[in-house]
Amino acid sequence: MSDQIERVKTLIIGSGPAGYTAAIYAARADLKPLLYTGMEPGGQLTTTTEVDNFPGYPEGIDGPTMMVQLQQQAERFGTEVRIGMITAVEFSTEKGGIHRATIDDSDKIIEAETVIISTGATAKYLGIESEQRLRGGGVSACAVCDGFFYKGQDVAIVGAGDTAAEEASYLANICNKVTMLVRKDHMRASKAMQHRVNSLKNIDVRYNTEVDEVLGEQVVEGLRMVNNQTGKTEDIAITGLFIAIGHKPNTEIFKGQLDMDDTGYLITQGKSTKTNLPGVFACGDAQDKEYRQAVTAAGTGCMAALDAERYLATIESVEEVL
């Protein structure tokens, strides 16, 4: 075998709670996993300053520290963690076939008996300078994750779909006031979700309204809104801004080989992490568009490793019979 080709039992593509949990379980099952971290080692949680809703941390923990600890735990059981990107894949369609992955657009190839995909998803942001500067300082893309820190305070949320309406309703239950910015003159959310938003007296829906600037130096202190019909601006005092305009799963390199929905989320079979190809499994936010929480990602990472272990056991038992 060429020095540029390496054979492993289990290749894990992507880190974060799903990838590292899959690595912990796979290593303990003696699958000798090799994990490539991807472009953002640790995933979305590395951009989160405080994680208060992951079991086992009564005092909370910051996201980057949690990811370092998960990596250390995976390595303790024998996972090999490498910084790098899988830039192309060639999956086998046969049971027992070997899958191939290209590293960093180079001649380096990993051949794997099983592949666990945990590439996650990337939250969509508005792209304005003040928003990017204050990410982690009051700007968040997850109300369920971070809303607790703004209990009893005034916040704003940007978005018009079901997720935005659901997160606005969630925030309304714990915050003093929620200003909801809708870019058009109507919401895209279902009628039921619109009724829920409109029934909550502390949600102020502003139609035809966009973010002009997030105010504050180190933390969010306010928001400058602009009416896109009149051009009129208005400043309001808030301590938190939540962006709910969608997520993009990091699954581009799997198109044409793995089944996915219209937005790119990988489709898994039933309650398993099995994809449409034998020996290829998907976990975390790459296949979960409903919950998108660290703890649920970790749970599916565990499932993927168990599914991979069981798959390899069936291959080995057939080989023994032959």
# chains A, B, ... in the order shown; residues from 1 in each chain; ligands from 1
$ residues_around --residues "Pro41 (chain A)" --least-positions-apart "4" --cutoff "9 Å" --atoms "only C-alpha atoms" --output "PyMOL selection string"
chain A and resi 14-16+36-37+46+67+83-84
$ select_by_dssp --residues "region 8-112 of chain A" --states "helix (DSSP H, G or I)" --output "VMD selection string"
chain A and resid 16 to 28 43 to 47 63 to 76
$ select_by_dssp --residues "region 118-254 of chain A" --states "strand (DSSP E)" --output "PyMOL selection string"
chain A and resi 121-123+139-140+154-158+177-181+203-206+209-215+222-227+233-237+240-243+247-249
$ residues_around --residues "Gly246 (chain A)" --least-positions-apart "6" --cutoff "8 Å" --atoms "only C-alpha atoms" --output "JSON, numbers by chain"
{"A": [123, 124, 163]}
$ write_last_selection --atoms "C-alpha atoms" --output "compact mmCIF listing (two decimals), in the first residue's frame"
# COMPACT_ATOMS: atom_id res chain seq x y z
CA ALA A 123 -25.70 29.12 11.48
CA LYS A 124 -26.52 31.82 8.96
CA THR A 163 -37.83 28.56 13.93
$ closest_residue --among "A:Gly299, A:Thr179, A:Pro64, A:Thr230" --to "Lys271 (chain A)" --atoms "only C-alpha atoms"
A:Gly299
$ residues_around --residues "Asn176 (chain A)" --least-positions-apart "3" --cutoff "10 Å" --atoms "only C-alpha atoms" --output "PyMOL selection string"
chain A and resi 150-155+171-173+202-203
$ write_last_selection --atoms "C-alpha atoms" --output "compact mmCIF listing (two decimals), in the first residue's frame"
# COMPACT_ATOMS: atom_id res chain seq x y z
CA TYR A 150 -31.11 37.20 29.31
CA LYS A 151 -33.86 36.29 31.75
CA GLY A 152 -35.94 39.34 32.62
CA GLN A 153 -34.15 41.51 30.04
CA ASP A 154 -35.09 43.10 26.72
CA VAL A 155 -33.89 41.23 23.62
CA LEU A 171 -37.72 34.05 24.71
CA ALA A 172 -41.05 35.71 25.57
CA ASN A 173 -41.49 33.24 28.42
CA ASN A 202 -44.45 41.03 25.23
CA ILE A 203 -43.48 40.28 21.60
$ residues_around --residues "region 233-235 of chain A" --least-positions-apart "3" --cutoff "8 Å" --atoms "only C-alpha atoms" --output "VMD selection string"
chain A and resid 212 222 to 227
$ write_last_selection --atoms "C-alpha atoms" --output "PDB file, in the first residue's frame"
ATOM      1  CA  ASP A 212     -28.828  48.498  10.593  1.00  0.00           C
ATOM      2  CA  GLY A 222     -28.752  48.242  21.809  1.00  0.00           C
ATOM      3  CA  LEU A 223     -29.967  47.854  18.264  1.00  0.00           C
ATOM      4  CA  ARG A 224     -30.417  50.318  15.420  1.00  0.00           C
ATOM      5  CA  MET A 225     -33.290  49.166  13.231  1.00  0.00           C
ATOM      6  CA  VAL A 226     -34.187  50.489   9.795  1.00  0.00           C
ATOM      7  CA  ASN A 227     -37.538  50.358   8.029  1.00  0.00           C
TER       8      ASN A 227
END
$ residues_around --residues "Gly301 (chain A)" --least-positions-apart "4" --cutoff "7 Å" --atoms "only C-alpha atoms" --output "ChimeraX atom specification"
/A:18-19,21-22,283-284,297,305
$ decode --residues "region 258-270 of chain A" --atoms "C-alpha atoms" --output "tab-separated table (two decimals), in the first residue's frame"
chain	number	residue	atom	x	y	z
A	258	LEU	CA	-25.75	10.33	0.16
A	259	ASP	CA	-29.47	11.01	0.40
A	260	MET	CA	-30.25	14.48	1.76
A	261	ASP	CA	-33.21	16.83	1.88
A	262	ASP	CA	-33.64	20.03	-0.08
A	263	THR	CA	-31.55	22.05	2.39
A	264	GLY	CA	-28.71	19.51	2.58
A	265	TYR	CA	-29.46	17.68	5.83
A	266	LEU	CA	-28.43	14.03	5.55
A	267	ILE	CA	-31.30	11.55	5.71
A	268	THR	CA	-30.89	8.64	8.11
A	269	GLN	CA	-32.98	5.49	8.34
A	270	GLY	CA	-35.64	5.31	11.04
